[in-house]
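First comes the structure, then the notes that go with it.
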Amino acid sequence: MKIGNVNIDGYAALAPMAGVADKAFRELCVKYGACYCVSEMVSSKGISYNSEKSAKLMELSEKEHPCAVQIFGNEPQTMAQAAQFALRYNPEIIDINMGCPAPKISGNGAGAALMKDPALCGEIVKEVVKAVNVPVTVKIRKGFDDENVNALEVAAICEKNGASALTIHGRTRAQYYSGKVDLDIIKNVKEALTIPVIGNGDILCADDAKRMYDYTKCDLVMVGRGSLGNPFVFDEINAYFKGESYEKPDFEKKMQVMKMHIENLCENKGEYVGMREARAHIPHYLKGFNGAAKMRNDACRVETLSDLYALIEKAEMSVR
């Protein structure tokens with residue numbers, strides 16, 4: 001598929017998960033087959049206030065292209081300025097967040113709250129498209145809540161104002177991540193638009209990706225929580241659609257990859273910050289193995305890479 005003039009060559013993309021899909025994790029997922037990835041969301045107001053923390057989130061490496069920088073906010077001009085600023089980090093695409101359910105985002109009128117004002121959604125897309133020379137995409141949800149399911153309306157407005165592709169998560173903001181993803185809304189949006197539509201929600205394995213593709217006819221699937229502790233899911237999906245065999249990684253392989261992931265995380269952010277962020281990743285890598293529950297408790301207390309290495313050694317002994 002193509003997003004504007006950008007070729008996306010593969011079967012599954014990595015979703016823009018705040019606090020998870022940082023540079024280290026994006027690089028890892030691309031290594032294991034993600035064909036496209038999107039940065040953590042970046043505050044347009046933070047950029048306008050010269051926030052170093054916000055700017056840092058836009059940094060991309062050579063190992064993770066094609067990649068989009070995702071911005072959020074509810075002021076069209078501020079969003080346009082943030083998009084222009086993002087270009088210095090060489091993203092192929094600018095993505096606009098209209099789907100984040102977190103209270104600190106949607107409670108301030110950004111993220112999924114934008115779907116309550118379709119006209120504002122259109123204005124934001126129009127201004128961002130005018131401001132940059134790369135394709136602009138939008139990520140939305142089914143709607144704000146069950147009484148306001150308006151993905152079709154918002155999607156059409158985004159396309160009309162110049163969006164080059166649209167990603168839809170098949171849940172409302174009120175659902176967060178509960179219940180099952182609504183494949184019908186993704187199917188309906190795909191049928192209504194002429195631009196590419198990316199389906200998102202409940203992709204945990206190749207079978208889930210096939211179900212999404214077959215039912216919705218979407219152009220690409222996007223994997224979020226299904227990649228946590230499992231960057232191999234992209235290899236699995238790719239192998240399925242290429243008709244190739246796939247062997248799930250054993251415990252030793254998962255520990256090797258976790259070690260590589262967290263070492264890279266510490267290299268990017270320093271050991272103090274990196275290890276504290278690693279606490280969110282380690283339990284996912286341990287999931288499903290003997291003694292995992294006890295190990296997850298230990299994972300919450302790691303402070304150094306030495307602690308990590310000791311935890312891996314202990315975990316490997318428990319499964320022998």
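Within each chain, counting starts at residue 1; across the structure tokens, chains are named A, B, ... in the order shown, with ligands numbered 1 upward in that order.
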(Q) I'd like the contact shell of Ile168 in chain A - 7 Å cut-off, only C-alpha atoms, skipping same-chain residues fewer than 3 positions apart - returned as a list in words. (A) Lys139, Ile140, Arg141, Lys142, Ile186, Ile198, Gly199 and Asn200 of chain A
Q. Which neighbours of Ala151 in chain A fall inside 12 Å, counting only C-alpha atoms, when residues of the same chain fewer than 3 positions from it are skipped, and could you give them as a PyMOL selection string?
A. chain A and resi 98-99+112+114-118+121+138-146+148+154-158+166-173+182+184-190+192-193
Hey, which bits of range 225-273 of chain A sit within 10 Å of range 281-284 of chain A, and for each residue what's the closest pair of atoms and how far apart in Å (one decimal), counting only C-alpha atoms, rows by chain and increasing number, as CSV?
residue,atom,partner,partner_atom,distance
A:Arg225,CA,A:His284,CA,9.9
A:Gly226,CA,A:His284,CA,9.9
A:Ser227,CA,A:His284,CA,9.2
A:Leu228,CA,A:His284,CA,5.9
A:Gly229,CA,A:His284,CA,4.4
A:Asn230,CA,A:His284,CA,7.6
A:Met255,CA,A:Ile282,CA,9.4
A:Met258,CA,A:Ile282,CA,7.3
A:Lys259,CA,A:Ile282,CA,9.4
A:His261,CA,A:His281,CA,9.3
A:Ile262,CA,A:His281,CA,8.6
Output the selection as a CSV table (one decimal), in the first residue's frame - C-alpha atoms for each residue.
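Result file is result-v8.csv:
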chain,number,residue,atom,x,y,z
A,225,ARG,CA,-0.9,-4.2,23.0
A,226,GLY,CA,-0.4,-7.5,21.1
A,227,SER,CA,3.3,-6.5,20.6
A,228,LEU,CA,4.0,-6.0,24.3
A,229,GLY,CA,6.7,-8.5,25.2
A,230,ASN,CA,6.1,-10.0,21.8
A,255,MET,CA,15.0,-13.4,27.4
A,258,MET,CA,14.2,-8.6,26.3
A,259,LYS,CA,17.8,-8.1,27.3
A,261,HIS,CA,15.5,-4.3,24.2
A,262,ILE,CA,16.2,-3.0,27.7
Q) Out of A:Met212, A:Cys205, A:Leu265, A:Ala299, which residue has the shortest atom-to-atom distance to Leu28 in chain A when counting only C-alpha atoms? A) A:Leu265
Q) Within 8 Å of range 47-62 of chain A, counting only C-alpha atoms, which residues qualify if same-chain residues fewer than 4 places away don't, as a ChimeraX atom specification? A) /A:22-23,27,39-43,67,69,78,81-82,85-86,89-91
Residues just named, written with C-alpha atoms as a PDB file, in the first residue's frame:
ATOM      1  CA  ASP A  22       9.621   4.691  22.155  1.00  0.00           C
ATOM      2  CA  LYS A  23      12.652   4.542  19.877  1.00  0.00           C
ATOM      3  CA  GLU A  27      13.529  -0.353  16.422  1.00  0.00           C
ATOM      4  CA  SER A  39       6.002   7.597  17.451  1.00  0.00           C
ATOM      5  CA  GLU A  40       4.565   8.133  20.886  1.00  0.00           C
ATOM      6  CA  MET A  41       2.159  11.056  20.803  1.00  0.00           C
ATOM      7  CA  VAL A  42       3.779  14.469  21.136  1.00  0.00           C
ATOM      8  CA  SER A  43       2.049  17.508  22.639  1.00  0.00           C
ATOM      9  CA  CYS A  67       7.927   6.124  10.480  1.00  0.00           C
ATOM     10  CA  VAL A  69       5.586  11.388  14.186  1.00  0.00           C
ATOM     11  CA  THR A  78      -0.532  25.070  17.108  1.00  0.00           C
ATOM     12  CA  GLN A  81       3.395  24.533  13.876  1.00  0.00           C
ATOM     13  CA  ALA A  82       4.177  21.296  15.728  1.00  0.00           C
ATOM     14  CA  PHE A  85       8.761  21.368  13.806  1.00  0.00           C
ATOM     15  CA  ALA A  86       8.541  17.571  13.507  1.00  0.00           C
ATOM     16  CA  TYR A  89      13.425  14.706  12.548  1.00  0.00           C
ATOM     17  CA  ASN A  90      12.713  13.404   9.023  1.00  0.00           C
ATOM     18  CA  PRO A  91       9.483  11.446   9.460  1.00  0.00           C
TER      19      PRO A  91
END
Using only C-alpha atoms, determine which residues lie at most 8 Å from Phe232 in chain A, disregarding the query and same-chain residues fewer than 2 positions distant; provide the list as a compact mmCIF listing (two decimals) with N, CA and C atoms, in the first residue's frame.
# COMPACT_ATOMS: atom_id res chain seq x y z
N CYS A 29 10.66 -3.68 17.03
CA CYS A 29 9.53 -4.20 16.26
C CYS A 29 9.82 -4.18 14.77
N TYR A 32 11.85 -7.11 13.87
CA TYR A 32 11.07 -8.35 13.81
C TYR A 32 9.87 -8.24 12.87
N GLY A 33 9.92 -7.29 11.94
CA GLY A 33 8.97 -7.34 10.83
C GLY A 33 7.89 -6.28 10.75
N SER A 227 1.81 -6.49 20.79
CA SER A 227 3.27 -6.52 20.59
C SER A 227 4.04 -6.41 21.90
N ASN A 230 6.22 -9.10 22.92
CA ASN A 230 6.05 -10.02 21.79
C ASN A 230 6.27 -9.30 20.46
N PHE A 234 5.01 -9.59 14.64
CA PHE A 234 5.09 -9.09 13.26
C PHE A 234 5.67 -10.15 12.34
N ASP A 235 6.68 -10.86 12.80
CA ASP A 235 7.23 -11.98 12.02
C ASP A 235 6.16 -13.05 11.79
N GLU A 236 5.38 -13.31 12.84
CA GLU A 236 4.31 -14.32 12.74
C GLU A 236 3.30 -13.93 11.67
N LYS A 248 7.32 -20.21 17.04
CA LYS A 248 7.28 -19.25 18.14
C LYS A 248 8.58 -19.31 18.94
N PRO A 249 9.04 -18.16 19.41
CA PRO A 249 10.30 -18.14 20.17
C PRO A 249 10.15 -18.86 21.50
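Close contacts of Asn264 in chain A, defined as residues with an atom at most 9 Å away when counting only C-alpha atoms, with chain neighbours fewer than 6 positions off set aside, comprise Lys23, Ala24, Phe25 and Gly274 of chain A.
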Q: Based on DSSP run over this structure's backbone, return all residues of range 2-199 of chain A in helix (DSSP H, G or I), as a ChimeraX atom specification.
A: /A:23-31,44-48,52-56,62-64,76-89,103-106,111-116,118-131,151-160,183-192
C-alpha atoms of the current selection, written as a PDB file, in the first residue's frame:
ATOM      1  CA  LYS A  23      12.652   4.542  19.877  1.00  0.00           C
ATOM      2  CA  ALA A  24      14.049   1.351  21.446  1.00  0.00           C
ATOM      3  CA  PHE A  25      10.767  -0.522  21.084  1.00  0.00           C
ATOM      4  CA  ARG A  26      10.079   0.765  17.577  1.00  0.00           C
ATOM      5  CA  GLU A  27      13.529  -0.353  16.422  1.00  0.00           C
ATOM      6  CA  LEU A  28      12.916  -3.782  17.933  1.00  0.00           C
ATOM      7  CA  CYS A  29       9.528  -4.202  16.261  1.00  0.00           C
ATOM      8  CA  VAL A  30      10.927  -3.128  12.885  1.00  0.00           C
ATOM      9  CA  LYS A  31      13.737  -5.666  13.346  1.00  0.00           C
ATOM     10  CA  SER A  44       1.690  20.344  20.139  1.00  0.00           C
ATOM     11  CA  LYS A  45       1.516  22.783  23.065  1.00  0.00           C
ATOM     12  CA  GLY A  46       4.675  21.254  24.488  1.00  0.00           C
ATOM     13  CA  ILE A  47       6.438  21.987  21.211  1.00  0.00           C
ATOM     14  CA  SER A  48       5.079  25.547  21.189  1.00  0.00           C
ATOM     15  CA  GLU A  52      12.779  19.473  25.385  1.00  0.00           C
ATOM     16  CA  LYS A  53      10.863  16.429  26.597  1.00  0.00           C
ATOM     17  CA  SER A  54       8.287  16.819  23.813  1.00  0.00           C
ATOM     18  CA  ALA A  55      10.966  17.349  21.172  1.00  0.00           C
ATOM     19  CA  LYS A  56      12.849  14.265  22.390  1.00  0.00           C
ATOM     20  CA  GLU A  62      17.749   5.216  10.801  1.00  0.00           C
ATOM     21  CA  LYS A  63      16.555   1.742  11.821  1.00  0.00           C
ATOM     22  CA  GLU A  64      12.845   2.527  12.029  1.00  0.00           C
ATOM     23  CA  PRO A  76      -5.303  24.016  14.451  1.00  0.00           C
ATOM     24  CA  GLN A  77      -2.469  26.546  14.193  1.00  0.00           C
ATOM     25  CA  THR A  78      -0.532  25.070  17.108  1.00  0.00           C
ATOM     26  CA  MET A  79      -0.889  21.626  15.561  1.00  0.00           C
ATOM     27  CA  ALA A  80       0.347  22.972  12.217  1.00  0.00           C
ATOM     28  CA  GLN A  81       3.395  24.533  13.876  1.00  0.00           C
ATOM     29  CA  ALA A  82       4.177  21.296  15.728  1.00  0.00           C
ATOM     30  CA  ALA A  83       3.939  19.383  12.449  1.00  0.00           C
ATOM     31  CA  GLN A  84       6.405  21.776  10.841  1.00  0.00           C
ATOM     32  CA  PHE A  85       8.761  21.368  13.806  1.00  0.00           C
ATOM     33  CA  ALA A  86       8.541  17.571  13.507  1.00  0.00           C
ATOM     34  CA  LEU A  87       9.940  17.662   9.971  1.00  0.00           C
ATOM     35  CA  ARG A  88      13.436  18.325  11.310  1.00  0.00           C
ATOM     36  CA  TYR A  89      13.425  14.706  12.548  1.00  0.00           C
ATOM     37  CA  PRO A 103      -8.311  11.463  30.773  1.00  0.00           C
ATOM     38  CA  LYS A 104      -5.315  13.815  30.814  1.00  0.00           C
ATOM     39  CA  ILE A 105      -5.552  14.015  26.997  1.00  0.00           C
ATOM     40  CA  SER A 106      -9.247  13.685  26.149  1.00  0.00           C
ATOM     41  CA  GLY A 111      -7.278  12.939  21.558  1.00  0.00           C
ATOM     42  CA  ALA A 112     -10.641  11.167  21.347  1.00  0.00           C
ATOM     43  CA  ALA A 113     -12.462  14.279  22.613  1.00  0.00           C
ATOM     44  CA  LEU A 114     -11.906  15.862  19.194  1.00  0.00           C
ATOM     45  CA  MET A 115     -14.449  13.433  17.753  1.00  0.00           C
ATOM     46  CA  LYS A 116     -17.156  15.388  19.572  1.00  0.00           C
ATOM     47  CA  PRO A 118     -16.092  16.986  13.653  1.00  0.00           C
ATOM     48  CA  ALA A 119     -15.722  20.492  12.214  1.00  0.00           C
ATOM     49  CA  LEU A 120     -12.676  21.105  14.424  1.00  0.00           C
ATOM     50  CA  CYS A 121     -11.251  17.752  13.302  1.00  0.00           C
ATOM     51  CA  GLY A 122     -11.477  18.968   9.718  1.00  0.00           C
ATOM     52  CA  GLU A 123      -9.885  22.299  10.511  1.00  0.00           C
ATOM     53  CA  ILE A 124      -6.941  20.648  12.257  1.00  0.00           C
ATOM     54  CA  VAL A 125      -6.338  18.288   9.323  1.00  0.00           C
ATOM     55  CA  LYS A 126      -6.581  21.141   6.820  1.00  0.00           C
ATOM     56  CA  GLU A 127      -4.055  23.325   8.661  1.00  0.00           C
ATOM     57  CA  VAL A 128      -1.581  20.497   9.236  1.00  0.00           C
ATOM     58  CA  VAL A 129      -1.781  19.406   5.582  1.00  0.00           C
ATOM     59  CA  LYS A 130      -1.093  23.000   4.468  1.00  0.00           C
ATOM     60  CA  ALA A 131       1.883  23.255   6.830  1.00  0.00           C
ATOM     61  CA  ALA A 151     -16.386   7.498  12.987  1.00  0.00           C
ATOM     62  CA  LEU A 152     -17.909   7.619   9.496  1.00  0.00           C
ATOM     63  CA  GLU A 153     -18.586  11.352   9.731  1.00  0.00           C
ATOM     64  CA  VAL A 154     -15.170  12.201  11.175  1.00  0.00           C
ATOM     65  CA  ALA A 155     -13.363   9.953   8.688  1.00  0.00           C
ATOM     66  CA  ALA A 156     -15.102  11.591   5.733  1.00  0.00           C
ATOM     67  CA  ILE A 157     -14.242  15.070   7.024  1.00  0.00           C
ATOM     68  CA  CYS A 158     -10.597  14.088   7.496  1.00  0.00           C
ATOM     69  CA  GLU A 159     -10.430  12.745   3.933  1.00  0.00           C
ATOM     70  CA  LYS A 160     -12.131  15.851   2.545  1.00  0.00           C
ATOM     71  CA  LEU A 183     -14.960  -4.865  13.037  1.00  0.00           C
ATOM     72  CA  ASP A 184     -18.149  -3.535  11.443  1.00  0.00           C
ATOM     73  CA  ILE A 185     -17.218   0.096  12.040  1.00  0.00           C
ATOM     74  CA  ILE A 186     -13.794  -0.484  10.492  1.00  0.00           C
ATOM     75  CA  LYS A 187     -15.449  -2.201   7.514  1.00  0.00           C
ATOM     76  CA  ASN A 188     -17.902   0.666   7.089  1.00  0.00           C
ATOM     77  CA  VAL A 189     -15.165   3.292   7.191  1.00  0.00           C
ATOM     78  CA  LYS A 190     -13.122   1.341   4.645  1.00  0.00           C
ATOM     79  CA  GLU A 191     -16.106   1.147   2.305  1.00  0.00           C
ATOM     80  CA  ALA A 192     -16.822   4.870   2.660  1.00  0.00           C
TER      81      ALA A 192
END
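Between Ser306 in chain A and the candidates A:Ile94, A:Met275, A:Leu204, A:Ala68, the tightest atom-to-atom separation, counting only C-alpha atoms, involves A:Met275.
Straight-line separation from CA of Ala13 in chain A to CA of Ile195 in chain A: 17.0 Å.
Counting only C-alpha atoms, the residue from A:Tyr176, A:Tyr272, A:Tyr213, A:Tyr240 that sits nearest to Thr304 in chain A is A:Tyr272.
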